file model05.pdb (PDB, C-alpha atoms and all ligand atoms)
ATOM      1  CA  MET A   1       0.000   0.000   0.000
ATOM      2  CA  LYS A   2       1.183   3.529  -0.792
ATOM      3  CA  THR A   3       1.404   6.092   2.013
ATOM      4  CA  LYS A   4       0.151   9.019  -0.081
ATOM      5  CA  ALA A   5      -1.977   9.551  -3.204
ATOM      6  CA  GLU A   6      -3.542  12.453  -5.087
ATOM      7  CA  ALA A   7      -6.367  12.935  -7.603
ATOM      8  CA  SER A   8      -8.150  15.861  -9.209
ATOM      9  CA  ALA A   9     -11.585  16.364 -10.784
ATOM     10  CA  PRO A  10     -13.179  19.234 -12.723
ATOM     11  CA  GLY A  11     -16.120  21.478 -11.890
ATOM     12  CA  LYS A  12     -18.918  21.932 -14.393
ATOM     13  CA  VAL A  13     -21.567  24.146 -15.879
ATOM     14  CA  ILE A  14     -24.965  22.851 -16.833
ATOM     15  CA  LEU A  15     -25.626  24.280 -20.278
ATOM     16  CA  LEU A  16     -29.281  23.230 -20.337
ATOM     17  CA  GLY A  17     -31.748  21.084 -18.402
ATOM     18  CA  GLU A  18     -31.000  21.551 -14.671
ATOM     19  CA  HIS A  19     -33.906  20.651 -12.382
ATOM     20  CA  PHE A  20     -35.801  19.035 -15.277
ATOM     21  CA  VAL A  21     -33.066  16.351 -15.173
ATOM     22  CA  VAL A  22     -34.134  15.435 -11.620
ATOM     23  CA  HIS A  23     -37.551  14.572 -13.110
ATOM     24  CA  GLY A  24     -36.210  12.282 -15.823
ATOM     25  CA  GLU A  25     -35.497  14.713 -18.677
ATOM     26  CA  PRO A  26     -32.043  15.009 -20.310
ATOM     27  CA  ALA A  27     -29.508  17.736 -19.507
ATOM     28  CA  ILE A  28     -26.381  18.953 -21.280
ATOM     29  CA  VAL A  29     -23.392  19.554 -19.055
ATOM     30  CA  LEU A  30     -19.772  20.457 -19.669
ATOM     31  CA  ALA A  31     -16.629  20.125 -17.571
ATOM     32  CA  ILE A  32     -14.673  23.346 -16.964
ATOM     33  CA  ASP A  33     -10.973  23.888 -16.446
ATOM     34  CA  ARG A  34     -11.273  24.682 -12.725
ATOM     35  CA  ARG A  35     -10.412  21.679 -10.625
ATOM     36  CA  VAL A  36     -10.471  20.279  -7.124
ATOM     37  CA  THR A  37      -7.390  18.387  -5.916
ATOM     38  CA  VAL A  38      -7.535  15.876  -3.075
ATOM     39  CA  THR A  39      -4.441  14.505  -1.322
ATOM     40  CA  VAL A  40      -4.803  11.480   0.962
ATOM     41  CA  LYS A  41      -2.389   9.893   3.443
ATOM     42  CA  VAL A  42      -2.649   6.732   5.534
ATOM     43  CA  ARG A  43      -3.005   7.135   9.308
ATOM     44  CA  SER A  44      -1.824   4.679  11.923
ATOM     45  CA  ASP A  45      -5.138   5.000  13.850
ATOM     46  CA  SER A  46      -8.669   4.569  12.428
ATOM     47  CA  ARG A  47      -9.678   8.256  12.309
ATOM     48  CA  VAL A  48     -10.710   9.993   9.110
ATOM     49  CA  PHE A  49      -9.332  13.526   9.314
ATOM     50  CA  ILE A  50     -10.514  15.980   6.625
ATOM     51  CA  LYS A  51      -9.210  19.485   6.019
ATOM     52  CA  SER A  52      -9.994  22.227   3.484
ATOM     53  CA  GLU A  53      -7.929  25.399   3.839
ATOM     54  CA  ASP A  54     -10.002  27.120   1.097
ATOM     55  CA  LEU A  55     -13.220  26.624   3.078
ATOM     56  CA  GLY A  56     -11.587  27.164   6.454
ATOM     57  CA  ILE A  57     -12.972  23.886   7.797
ATOM     58  CA  SER A  58     -11.465  20.764   9.309
ATOM     59  CA  GLY A  59     -12.338  17.958  11.683
ATOM     60  CA  PHE A  60     -12.216  14.214  12.094
ATOM     61  CA  PHE A  61     -14.652  11.317  12.172
ATOM     62  CA  LYS A  62     -14.229   8.483  14.651
ATOM     63  CA  ASN A  63     -16.798   5.659  14.722
ATOM     64  CA  ASP A  64     -19.176   7.850  12.669
ATOM     65  CA  GLN A  65     -18.998  10.663  15.212
ATOM     66  CA  PHE A  66     -17.744  14.061  14.090
ATOM     67  CA  PHE A  67     -15.252  16.145  16.031
ATOM     68  CA  PRO A  68     -14.914  19.629  14.498
ATOM     69  CA  GLN A  69     -11.643  21.531  14.607
ATOM     70  CA  ARG A  70     -12.519  24.547  12.438
ATOM     71  CA  GLY A  71     -15.918  25.639  11.028
ATOM     72  CA  ASP A  72     -18.325  23.934  13.523
ATOM     73  CA  GLY A  73     -21.860  23.163  12.119
ATOM     74  CA  GLU A  74     -20.870  23.999   8.548
ATOM     75  CA  ALA A  75     -17.878  21.696   8.798
ATOM     76  CA  LYS A  76     -19.960  18.591   9.530
ATOM     77  CA  ARG A  77     -22.421  19.253   6.687
ATOM     78  CA  ARG A  78     -19.676  19.855   4.158
ATOM     79  CA  LEU A  79     -17.339  17.084   5.265
ATOM     80  CA  GLU A  80     -19.929  14.323   5.712
ATOM     81  CA  PRO A  81     -20.064  13.281   2.022
ATOM     82  CA  ILE A  82     -16.250  13.051   1.913
ATOM     83  CA  TYR A  83     -16.375  10.844   4.996
ATOM     84  CA  ALA A  84     -19.037   8.677   3.314
ATOM     85  CA  VAL A  85     -16.704   8.180   0.332
ATOM     86  CA  ALA A  86     -13.779   7.315   2.630
ATOM     87  CA  LYS A  87     -15.847   4.923   4.716
ATOM     88  CA  GLU A  88     -17.123   3.037   1.680
ATOM     89  CA  ILE A  89     -13.651   2.612   0.172
ATOM     90  CA  ILE A  90     -11.926   1.725   3.469
ATOM     91  CA  GLN A  91     -14.621  -0.911   4.105
ATOM     92  CA  LYS A  92     -14.333  -2.323   0.571
ATOM     93  CA  CYS A  93     -10.565  -2.646   1.036
ATOM     94  CA  GLY A  94     -10.941  -4.295   4.455
ATOM     95  CA  SER A  95      -8.441  -1.810   5.912
ATOM     96  CA  ASN A  96      -8.182  -0.916   9.618
ATOM     97  CA  ASN A  97      -6.337   2.311   8.867
ATOM     98  CA  GLY A  98      -7.836   5.762   8.852
ATOM     99  CA  VAL A  99      -6.782   8.531   6.476
ATOM    100  CA  ASN A 100      -5.926  12.217   6.300
ATOM    101  CA  ILE A 101      -7.782  13.925   3.434
ATOM    102  CA  GLU A 102      -6.777  17.391   2.243
ATOM    103  CA  VAL A 103      -8.975  19.255  -0.241
ATOM    104  CA  LYS A 104      -7.753  22.147  -2.431
ATOM    105  CA  SER A 105     -10.266  23.840  -4.706
ATOM    106  CA  SER A 106     -10.297  26.614  -7.282
ATOM    107  CA  LEU A 107     -14.115  26.478  -7.491
ATOM    108  CA  PRO A 108     -16.490  28.738  -5.576
ATOM    109  CA  ILE A 109     -18.684  26.659  -3.256
ATOM    110  CA  ALA A 110     -22.480  26.361  -3.302
ATOM    111  CA  ALA A 111     -22.470  28.337  -6.562
ATOM    112  CA  GLY A 112     -23.716  25.760  -9.067
ATOM    113  CA  LEU A 113     -20.284  24.871 -10.436
ATOM    114  CA  GLY A 114     -20.269  21.359  -9.004
ATOM    115  CA  SER A 115     -17.626  21.795  -6.299
ATOM    116  CA  SER A 116     -19.116  19.240  -3.893
ATOM    117  CA  ALA A 117     -19.345  16.539  -6.577
ATOM    118  CA  ALA A 118     -15.800  17.298  -7.769
ATOM    119  CA  VAL A 119     -14.567  16.861  -4.174
ATOM    120  CA  SER A 120     -16.400  13.520  -3.837
ATOM    121  CA  VAL A 121     -15.089  12.241  -7.187
ATOM    122  CA  ALA A 122     -11.475  13.325  -6.533
ATOM    123  CA  SER A 123     -11.635  11.855  -2.989
ATOM    124  CA  ALA A 124     -12.918   8.515  -4.297
ATOM    125  CA  ALA A 125     -10.178   8.331  -6.942
ATOM    126  CA  ALA A 126      -7.394   9.373  -4.535
ATOM    127  CA  LEU A 127      -8.478   6.829  -1.895
ATOM    128  CA  CYS A 128      -8.748   4.004  -4.444
ATOM    129  CA  SER A 129      -5.218   4.837  -5.571
ATOM    130  CA  LEU A 130      -3.972   4.943  -1.939
ATOM    131  CA  PHE A 131      -5.332   1.481  -1.148
ATOM    132  CA  ASP A 132      -4.297   0.051  -4.563
ATOM    133  CA  PHE A 133      -7.942  -0.640  -5.187
ATOM    134  CA  LYS A 134      -8.639  -0.804  -8.926
ATOM    135  CA  GLU A 135     -11.999   0.861  -9.474
ATOM    136  CA  SER A 136     -13.406   1.695 -12.896
ATOM    137  CA  LYS A 137     -14.573   5.249 -13.641
ATOM    138  CA  ASP A 138     -18.133   3.918 -13.517
ATOM    139  CA  ASN A 139     -17.599   2.765  -9.918
ATOM    140  CA  ILE A 140     -15.934   6.024  -8.913
ATOM    141  CA  PHE A 141     -18.986   7.834 -10.316
ATOM    142  CA  GLN A 142     -21.285   5.533  -8.304
ATOM    143  CA  ILE A 143     -19.389   6.041  -5.010
ATOM    144  CA  ALA A 144     -19.450   9.845  -5.482
ATOM    145  CA  PHE A 145     -23.130   9.727  -6.466
ATOM    146  CA  ASN A 146     -23.971   7.845  -3.234
ATOM    147  CA  ALA A 147     -22.159  10.563  -1.266
ATOM    148  CA  GLU A 148     -24.030  13.348  -3.130
ATOM    149  CA  LYS A 149     -27.303  11.802  -1.997
ATOM    150  CA  ILE A 150     -26.344  12.604   1.612
ATOM    151  CA  ILE A 151     -26.252  16.351   0.986
ATOM    152  CA  HIS A 152     -28.710  16.837  -1.850
ATOM    153  CA  GLY A 153     -31.464  14.354  -0.989
ATOM    154  CA  ASN A 154     -32.537  13.320  -4.469
ATOM    155  CA  PRO A 155     -29.850  14.403  -6.931
ATOM    156  CA  SER A 156     -29.931  13.382 -10.602
ATOM    157  CA  GLY A 157     -26.244  12.371 -10.628
ATOM    158  CA  VAL A 158     -25.338  14.878 -13.345
ATOM    159  CA  ASP A 159     -22.643  16.560 -11.209
ATOM    160  CA  PRO A 160     -20.623  13.458 -10.251
ATOM    161  CA  ALA A 161     -21.008  12.166 -13.849
ATOM    162  CA  ILE A 162     -19.397  15.201 -15.493
ATOM    163  CA  SER A 163     -16.687  15.420 -12.807
ATOM    164  CA  THR A 164     -15.803  11.784 -13.447
ATOM    165  CA  TYR A 165     -15.923  11.642 -17.238
ATOM    166  CA  GLY A 166     -15.199  15.274 -18.334
ATOM    167  CA  GLY A 167     -16.009  16.702 -21.799
ATOM    168  CA  ILE A 168     -19.615  17.466 -22.770
ATOM    169  CA  LEU A 169     -22.285  14.972 -21.781
ATOM    170  CA  GLN A 170     -25.928  14.467 -22.453
ATOM    171  CA  TYR A 171     -27.072  13.074 -19.119
ATOM    172  CA  ARG A 172     -30.328  11.379 -18.282
ATOM    173  CA  LYS A 173     -31.009   9.727 -14.915
ATOM    174  CA  SER A 174     -30.601   5.912 -15.006
ATOM    175  CA  LYS A 175     -29.746   5.957 -18.748
ATOM    176  CA  PRO A 176     -26.336   5.358 -20.348
ATOM    177  CA  ILE A 177     -24.294   8.566 -20.359
ATOM    178  CA  ARG A 178     -23.904  10.000 -23.880
ATOM    179  CA  ARG A 179     -20.725  11.869 -24.771
ATOM    180  CA  LEU A 180     -21.432  14.731 -27.189
ATOM    181  CA  HIS A 181     -18.715  15.421 -29.731
ATOM    182  CA  VAL A 182     -18.846  19.147 -30.227
ATOM    183  CA  ASN A 183     -16.308  20.593 -32.642
ATOM    184  CA  ILE A 184     -16.982  24.261 -31.984
ATOM    185  CA  ASP A 185     -15.632  26.434 -29.226
ATOM    186  CA  LEU A 186     -18.321  27.389 -26.708
ATOM    187  CA  PRO A 187     -17.378  30.842 -25.465
ATOM    188  CA  LEU A 188     -19.070  31.127 -22.077
ATOM    189  CA  VAL A 189     -18.864  33.913 -19.531
ATOM    190  CA  ILE A 190     -19.846  32.833 -16.013
ATOM    191  CA  GLY A 191     -21.294  35.381 -13.593
ATOM    192  CA  ASN A 192     -21.374  34.548  -9.888
ATOM    193  CA  THR A 193     -24.016  36.334  -7.763
ATOM    194  CA  LYS A 194     -21.908  35.311  -4.702
ATOM    195  CA  LYS A 195     -25.166  34.349  -3.026
ATOM    196  CA  GLU A 196     -24.797  30.839  -1.555
ATOM    197  CA  ARG A 197     -27.749  28.492  -1.687
ATOM    198  CA  SER A 198     -28.613  24.874  -1.050
ATOM    199  CA  THR A 199     -29.224  22.595  -4.035
ATOM    200  CA  GLY A 200     -31.262  20.210  -1.856
ATOM    201  CA  THR A 201     -33.639  22.985  -0.756
ATOM    202  CA  LEU A 202     -34.219  24.173  -4.335
ATOM    203  CA  VAL A 203     -34.792  20.630  -5.647
ATOM    204  CA  ALA A 204     -37.324  20.114  -2.815
ATOM    205  CA  LYS A 205     -39.033  23.409  -3.722
ATOM    206  CA  VAL A 206     -39.558  22.229  -7.317
ATOM    207  CA  ASN A 207     -40.822  18.812  -6.112
ATOM    208  CA  ASN A 208     -43.322  20.585  -3.917
ATOM    209  CA  LEU A 209     -44.548  22.827  -6.758
ATOM    210  CA  ARG A 210     -44.909  19.785  -9.013
ATOM    211  CA  ARG A 211     -46.960  17.992  -6.339
ATOM    212  CA  ARG A 212     -49.345  20.963  -6.141
ATOM    213  CA  TYR A 213     -49.640  21.613  -9.906
ATOM    214  CA  PRO A 214     -48.791  18.301 -11.578
ATOM    215  CA  GLN A 215     -50.273  19.135 -14.993
ATOM    216  CA  ILE A 216     -48.733  22.585 -15.326
ATOM    217  CA  ILE A 217     -45.291  21.792 -13.904
ATOM    218  CA  GLY A 218     -45.240  18.471 -15.795
ATOM    219  CA  LYS A 219     -45.592  20.375 -19.091
ATOM    220  CA  ILE A 220     -42.790  22.789 -18.153
ATOM    221  CA  ILE A 221     -40.524  19.857 -17.278
ATOM    222  CA  ARG A 222     -41.244  18.184 -20.618
ATOM    223  CA  ALA A 223     -40.606  21.454 -22.467
ATOM    224  CA  GLY A 224     -37.223  21.579 -20.683
ATOM    225  CA  GLY A 225     -36.417  18.136 -22.119
ATOM    226  CA  GLU A 226     -37.461  19.219 -25.627
ATOM    227  CA  ILE A 227     -35.147  22.238 -25.395
ATOM    228  CA  VAL A 228     -32.254  19.872 -24.683
ATOM    229  CA  GLU A 229     -33.105  17.647 -27.638
ATOM    230  CA  ARG A 230     -33.301  20.649 -29.990
ATOM    231  CA  SER A 231     -30.043  22.010 -28.539
ATOM    232  CA  VAL A 232     -28.132  18.814 -29.317
ATOM    233  CA  ARG A 233     -28.888  19.506 -32.998
ATOM    234  CA  ALA A 234     -27.833  23.159 -32.673
ATOM    235  CA  LEU A 235     -24.569  22.072 -31.003
ATOM    236  CA  ARG A 236     -23.868  19.515 -33.712
ATOM    237  CA  GLU A 237     -24.507  22.108 -36.443
ATOM    238  CA  GLY A 238     -22.441  24.757 -34.630
ATOM    239  CA  ASP A 239     -25.512  27.012 -34.615
ATOM    240  CA  LEU A 240     -24.724  29.257 -31.636
ATOM    241  CA  GLU A 241     -27.581  31.688 -32.366
ATOM    242  CA  THR A 242     -30.183  28.943 -31.961
ATOM    243  CA  LEU A 243     -28.371  27.584 -28.916
ATOM    244  CA  GLY A 244     -28.432  31.051 -27.315
ATOM    245  CA  GLU A 245     -32.134  31.440 -27.994
ATOM    246  CA  LEU A 246     -32.841  28.013 -26.475
ATOM    247  CA  MET A 247     -30.781  28.963 -23.395
ATOM    248  CA  ASN A 248     -32.979  32.052 -22.979
ATOM    249  CA  ILE A 249     -36.153  29.959 -23.179
ATOM    250  CA  ASN A 250     -34.649  27.455 -20.720
ATOM    251  CA  HIS A 251     -33.962  30.282 -18.267
ATOM    252  CA  GLU A 252     -37.554  31.507 -18.444
ATOM    253  CA  LEU A 253     -38.805  27.984 -17.690
ATOM    254  CA  LEU A 254     -36.489  27.841 -14.660
ATOM    255  CA  SER A 255     -37.878  31.186 -13.593
ATOM    256  CA  ALA A 256     -41.404  29.771 -13.977
ATOM    257  CA  ILE A 257     -40.622  26.934 -11.545
ATOM    258  CA  GLY A 258     -39.341  29.439  -8.992
ATOM    259  CA  VAL A 259     -35.584  28.861  -8.949
ATOM    260  CA  SER A 260     -34.385  32.222 -10.250
ATOM    261  CA  CYS A 261     -33.899  35.278  -8.008
ATOM    262  CA  MET A 262     -33.380  39.013  -8.342
ATOM    263  CA  GLU A 263     -29.576  38.738  -8.293
ATOM    264  CA  LEU A 264     -29.574  36.152 -11.115
ATOM    265  CA  GLU A 265     -32.122  38.112 -13.168
ATOM    266  CA  LYS A 266     -29.930  41.222 -12.977
ATOM    267  CA  LEU A 267     -26.886  39.373 -14.336
ATOM    268  CA  VAL A 268     -28.867  37.478 -17.006
ATOM    269  CA  HIS A 269     -30.461  40.686 -18.331
ATOM    270  CA  ALA A 270     -27.189  42.626 -18.151
ATOM    271  CA  ALA A 271     -25.509  39.913 -20.265
ATOM    272  CA  ARG A 272     -28.320  39.844 -22.839
ATOM    273  CA  ASN A 273     -28.360  43.654 -23.099
ATOM    274  CA  ALA A 274     -24.592  43.638 -23.674
ATOM    275  CA  GLY A 275     -25.018  41.363 -26.692
ATOM    276  CA  ALA A 276     -24.868  37.785 -25.343
ATOM    277  CA  LEU A 277     -26.397  35.216 -27.706
ATOM    278  CA  GLY A 278     -28.170  33.714 -24.713
ATOM    279  CA  ALA A 279     -28.006  33.813 -20.921
ATOM    280  CA  LYS A 280     -29.432  31.665 -18.157
ATOM    281  CA  LEU A 281     -28.913  30.587 -14.593
ATOM    282  CA  THR A 282     -26.831  27.417 -14.249
ATOM    283  CA  GLY A 283     -27.170  24.726 -11.593
ATOM    284  CA  ALA A 284     -29.778  24.854  -8.865
ATOM    285  CA  GLY A 285     -30.427  28.635  -9.018
ATOM    286  CA  GLY A 286     -31.625  30.730  -6.068
ATOM    287  CA  GLY A 287     -28.224  32.477  -6.250
ATOM    288  CA  GLY A 288     -24.976  30.922  -7.419
ATOM    289  CA  CYS A 289     -24.000  31.374 -11.050
ATOM    290  CA  MET A 290     -25.389  32.272 -14.460
ATOM    291  CA  ILE A 291     -23.807  31.633 -17.853
ATOM    292  CA  ALA A 292     -23.810  33.702 -21.011
ATOM    293  CA  LEU A 293     -23.059  32.326 -24.467
ATOM    294  CA  VAL A 294     -21.149  35.000 -26.357
ATOM    295  CA  SER A 295     -19.493  35.488 -29.716
ATOM    296  CA  PRO A 296     -15.730  36.019 -29.139
ATOM    297  CA  GLU A 297     -15.816  39.746 -29.973
ATOM    298  CA  LYS A 298     -18.470  40.349 -27.287
ATOM    299  CA  ILE A 299     -16.722  38.577 -24.380
ATOM    300  CA  LYS A 300     -15.338  41.802 -22.877
ATOM    301  CA  ASP A 301     -18.627  43.732 -23.219
ATOM    302  CA  VAL A 302     -20.619  40.929 -21.589
ATOM    303  CA  ALA A 303     -18.044  40.386 -18.819
ATOM    304  CA  ASP A 304     -18.012  44.143 -18.043
ATOM    305  CA  ALA A 305     -21.834  44.260 -17.995
ATOM    306  CA  ILE A 306     -22.013  41.321 -15.570
ATOM    307  CA  GLU A 307     -19.472  43.013 -13.302
ATOM    308  CA  MET A 308     -21.364  46.340 -13.450
ATOM    309  CA  ALA A 309     -24.520  44.457 -12.402
ATOM    310  CA  GLY A 310     -22.728  43.158  -9.281
ATOM    311  CA  GLY A 311     -21.500  39.768 -10.495
ATOM    312  CA  GLU A 312     -18.084  38.204 -10.189
ATOM    313  CA  VAL A 313     -16.850  37.097 -13.604
ATOM    314  CA  LEU A 314     -15.152  33.770 -14.290
ATOM    315  CA  ILE A 315     -13.820  33.040 -17.743
ATOM    316  CA  THR A 316     -13.406  29.308 -18.200
ATOM    317  CA  ARG A 317     -12.930  26.793 -20.979
ATOM    318  CA  LYS A 318     -14.379  23.390 -21.569
ATOM    319  CA  THR A 319     -12.056  20.544 -20.586
ATOM    320  CA  ASP A 320     -12.048  16.952 -21.770
ATOM    321  CA  ALA A 321     -10.181  15.786 -18.669
ATOM    322  CA  GLY A 322     -12.444  14.113 -16.132
ATOM    323  CA  VAL A 323     -11.043  12.630 -12.926
ATOM    324  CA  ILE A 324      -7.260  12.186 -12.980
ATOM    325  CA  ILE A 325      -5.137  10.157 -10.572
ATOM    326  CA  GLU A 326      -1.815  11.949 -10.207
ATOM    327  CA  GLU A 327       0.943   9.338 -10.396
TER     328      GLU A 327
HETATM  329  O1  LIG A 401     -25.051  21.296  -7.961
HETATM  330  P1  LIG A 401     -25.835  22.355  -8.637
HETATM  331  O2  LIG A 401     -26.278  23.425  -7.719
HETATM  332  O3  LIG A 401     -25.150  22.836  -9.847
HETATM  333  O4  LIG A 401     -27.240  21.726  -9.152
HETATM  334  C1  LIG A 401     -27.313  20.520  -9.807
HETATM  335  C2  LIG A 401     -28.406  20.499 -10.806
HETATM  336  C3  LIG A 401     -29.814  20.153 -10.332
HETATM  337  O5  LIG A 401     -30.476  19.713 -11.513
HETATM  338  C4  LIG A 401     -30.515  21.371  -9.789
HETATM  339  C5  LIG A 401     -29.861  19.050  -9.279
HETATM  340  C6  LIG A 401     -29.505  17.667  -9.806
HETATM  341  O6  LIG A 401     -29.285  16.787  -8.964
HETATM  342  O7  LIG A 401     -29.484  17.428 -11.019
END
call {"tool": "encode", "arguments": {"input": "model05.pdb", "output": "structure tokens", "more": "lines below"}}
Ligand code: PMV
result
Amino acid sequence: MKTKAEASAPGKVILLGEHFVVHGEPAIVLAIDRRVTVTVKVRSDSRVFIKSEDLGISGFFKNDQFFPQRGDGEAKRRLEPIYAVAKEIIQKCGSNNGVNIEVKSSLPIAAGLGSSAAVSVASAAALCSLFDFKESKDNIFQIAFNAEKIIHGNPSGVDPAISTYGGILQYRKSKPIRRLHVNIDLPLVIGNTKKERSTGTLVAKVNNLRRRYPQIIGKIIRAGGEIVERSVRALREGDLETLGELMNINHELLSAIGVSCMELEKLVHAARNAGALGAKLTGAGGGGCMIALVSPEKIKDVADAIEMAGGEVLITRKTDAGVIIEE
């Protein structure tokens, strides 16, 4: 057994189909070149110690009990899925050793860019490498997905899927993952409202609305799926104008199911007014990030407009690299 191992995994943006994907419709998601790196080391005792300098949290688990060191209540909620990943892998390997897990991230948290899934995926890969446990990418995805269920309640699995496999995926719950081969550049400007929110709470809010208005919300969900299907064609044909228009429609549907907010609306409208081909919230909404599809000559105008409207701008690129074990 090694004494130390490291793995990294990318964050993501959902191009189209968030929320509707929880209800069985497809979504299109792409991996971005901002990554989470997890370093793991074997301990001589059985504790699982987890630390994230970026989040200012740390603590250890012993016999499923949590002992915070930094960050208190927040620490337990954020570190629990990482512990679940560690516990599953340690049990599978039949090891009596605990581990030290250190997380380094260049992704904003609770912003819709998939940081928690990237942490779970990178942790699973690093721990498998540490214990010389040969897991396929499919199994790493499954372990991370199980951990996501602890924090998000009923997630679709889109976040751990893109963090594991990278590239651009068409994702549909319980269906084989489809890799989309897109030959065009997708110039995206991300705007962060800096308002943190909980994905689980927003998913529950949509479930509740659907329960109360099954016919109406059911039609919106299906329309969300049709937007994705039409967008796959636009992507294949390199038709960014159509894609932008479909992103706008997708945003309005998300607004209709109650997951937009004033801060997101401001950034979305600022981006459109500055010449974006399309703009929408990305991820769970309620805060977090929006994305704008822009022609290259408009990137600066759109980025400036988002900043003027109070957003923090992130310029990222699509990456094909999913989870990587650093040798
Ligand atoms: O992790 P977030 O906040 O980017 O949201 C994930 C997308 C949702 O569709 C809202 C939830 C899910 O599990 O698919």
call {"tool": "residues_around", "arguments": {"input": "model05.pdb", "residues": "Pro187 of chain A", "least_positions_apart": "6", "cutoff": "9 Å", "atoms": "all atoms listed in the file", "output": "count of residues only"}}
result
10
call {"tool": "resolve_selection", "arguments": {"input": "model05.pdb", "expression": "the PyMOL selection byres (((not hetatm)) within 9 of (chain A and resi 401))", "output": "PyMOL selection string"}}
result
chain A and resi 12-14+17-23+27+110-117+148-149+152-159+173+197-200+202-203+282-285+288-289
call {"tool": "resolve_selection", "arguments": {"input": "model05.pdb", "expression": "the PyMOL selection byres (((chain A and resi 305) around 8) and not hetatm)", "output": "list of chain:residue names"}}
result
A:Leu267, A:Ala270, A:Ala271, A:Ala274, A:Asp301, A:Val302, A:Ala303, A:Asp304, A:Ile306, A:Glu307, A:Met308, A:Ala309
call {"tool": "atom_distance", "arguments": {"input": "model05.pdb", "atom1": "atom CA of Gly322 of chain A", "atom2": "atom CA of Arg78 of chain A"}}
result
22.3 Å
call {"tool": "closest_residue", "arguments": {"input": "model05.pdb", "among": "A:Thr39, A:Asn207, A:Ser231, A:Asn273", "to": "Val99 of chain A", "atoms": "all atoms listed in the file"}}
result
A:Thr39
call {"tool": "closest_residue", "arguments": {"input": "model05.pdb", "among": "A:Ala86, A:Val29, A:Leu180, A:Ala122", "to": "Leu16 of chain A", "atoms": "all atoms listed in the file"}}
result
A:Val29
call {"tool": "residues_around", "arguments": {"input": "model05.pdb", "residues": "Glu263 of chain A", "least_positions_apart": "5", "cutoff": "9 Å", "atoms": "all atoms listed in the file", "output": "list in words"}}
result
Thr193, Lys195, Val268, Gly286, Gly287, Ala309, Gly310 and Gly311 of chain A
call {"tool": "write_last_selection", "arguments": {"input": "model05.pdb", "atoms": "C-alpha atoms", "output": "mmCIF file, keeping the file's coordinate frame"}}
result
data_model
loop_
_atom_site.group_PDB
_atom_site.id
_atom_site.type_symbol
_atom_site.label_atom_id
_atom_site.label_comp_id
_atom_site.auth_asym_id
_atom_site.auth_seq_id
_atom_site.Cartn_x
_atom_site.Cartn_y
_atom_site.Cartn_z
ATOM 1 C CA THR A 193 -24.016 36.334 -7.763
ATOM 2 C CA LYS A 195 -25.166 34.349 -3.026
ATOM 3 C CA VAL A 268 -28.867 37.478 -17.006
ATOM 4 C CA GLY A 286 -31.625 30.730 -6.068
ATOM 5 C CA GLY A 287 -28.224 32.477 -6.250
ATOM 6 C CA ALA A 309 -24.520 44.457 -12.402
ATOM 7 C CA GLY A 310 -22.728 43.158 -9.281
ATOM 8 C CA GLY A 311 -21.500 39.768 -10.495
#
call {"tool": "axis_aligned_box", "arguments": {"input": "model05.pdb", "around": "segment 8-27 of chain A", "padding_each_side": "6 Å", "output": "JSON"}}
result
{"center_x": -22.9, "center_y": 18.3, "center_z": -14.8, "size_x": 41.4, "size_y": 24.0, "size_z": 23.1}
call {"tool": "atom_distance", "arguments": {"input": "model05.pdb", "atom1": "atom CA of Lys194 of chain A", "atom2": "atom CA of Ala31 of chain A"}}
result
20.6 Å
call {"tool": "resolve_selection", "arguments": {"input": "model05.pdb", "expression": "the PyMOL selection byres (((chain A and resi 62-76) around 10) and not hetatm)", "output": "ChimeraX atom specification"}}
result
/A:45-53,55-61,77-81,83-84,87,98
call {"tool": "atom_distance", "arguments": {"input": "model05.pdb", "atom1": "atom CA of Val36 of chain A", "atom2": "atom CA of Ile140 of chain A"}}
result
15.4 Å
call {"tool": "closest_residue", "arguments": {"input": "model05.pdb", "among": "A:Asp33, A:Ala118, A:Ile82, A:Ser174", "to": "Ile151 of chain A", "atoms": "only C-alpha atoms"}}
result
A:Ile82
call {"tool": "closest_residue", "arguments": {"input": "model05.pdb", "among": "A:Leu188, A:Ile90, A:Ile168, A:Ile216", "to": "Gly244 of chain A", "atoms": "only C-alpha atoms"}}
result
A:Leu188
call {"tool": "closest_residue", "arguments": {"input": "model05.pdb", "among": "A:Met247, A:Lys300, A:Ile143, A:Ser260", "to": "Lys205 of chain A", "atoms": "all atoms listed in the file"}}
result
A:Ser260
call {"tool": "residues_near_point", "arguments": {"input": "model05.pdb", "point": "(-24.3, 11.7, -21.4)", "cutoff": "9 Å", "atoms": "only C-alpha atoms", "output": "list in words"}}
result
Pro26, Ala27, Ile28, Val29, Val158, Ala161, Ile162, Ile168, Leu169, Gln170, Tyr171, Arg172, Lys175, Pro176, Ile177, Arg178, Arg179 and Leu180 of chain A
call {"tool": "closest_residue", "arguments": {"input": "model05.pdb", "among": "A:Ala125, A:Ala7, A:Ile184, A:Leu130", "to": "Arg43 of chain A", "atoms": "all atoms listed in the file"}}
result
A:Leu130
call {"tool": "residues_around", "arguments": {"input": "model05.pdb", "residues": "Gly167 of chain A", "least_positions_apart": "5", "cutoff": "6 Å", "atoms": "only C-alpha atoms", "output": "count of residues only"}}
result
4
call {"tool": "residues_around", "arguments": {"input": "model05.pdb", "residues": "Arg35 of chain A", "least_positions_apart": "5", "cutoff": "7 Å", "atoms": "only C-alpha atoms", "output": "short mmCIF file (atom, residue, chain, number, x, y, z; two decimals) with C-alpha atoms, in the frame of the given file"}}
result
data_model
loop_
_atom_site.label_atom_id
_atom_site.label_comp_id
_atom_site.auth_asym_id
_atom_site.auth_seq_id
_atom_site.Cartn_x
_atom_site.Cartn_y
_atom_site.Cartn_z
CA SER A 8 -8.15 15.86 -9.21
CA ALA A 9 -11.58 16.36 -10.78
CA PRO A 10 -13.18 19.23 -12.72
CA GLY A 11 -16.12 21.48 -11.89
CA SER A 105 -10.27 23.84 -4.71
CA SER A 106 -10.30 26.61 -7.28
CA LEU A 107 -14.12 26.48 -7.49
#
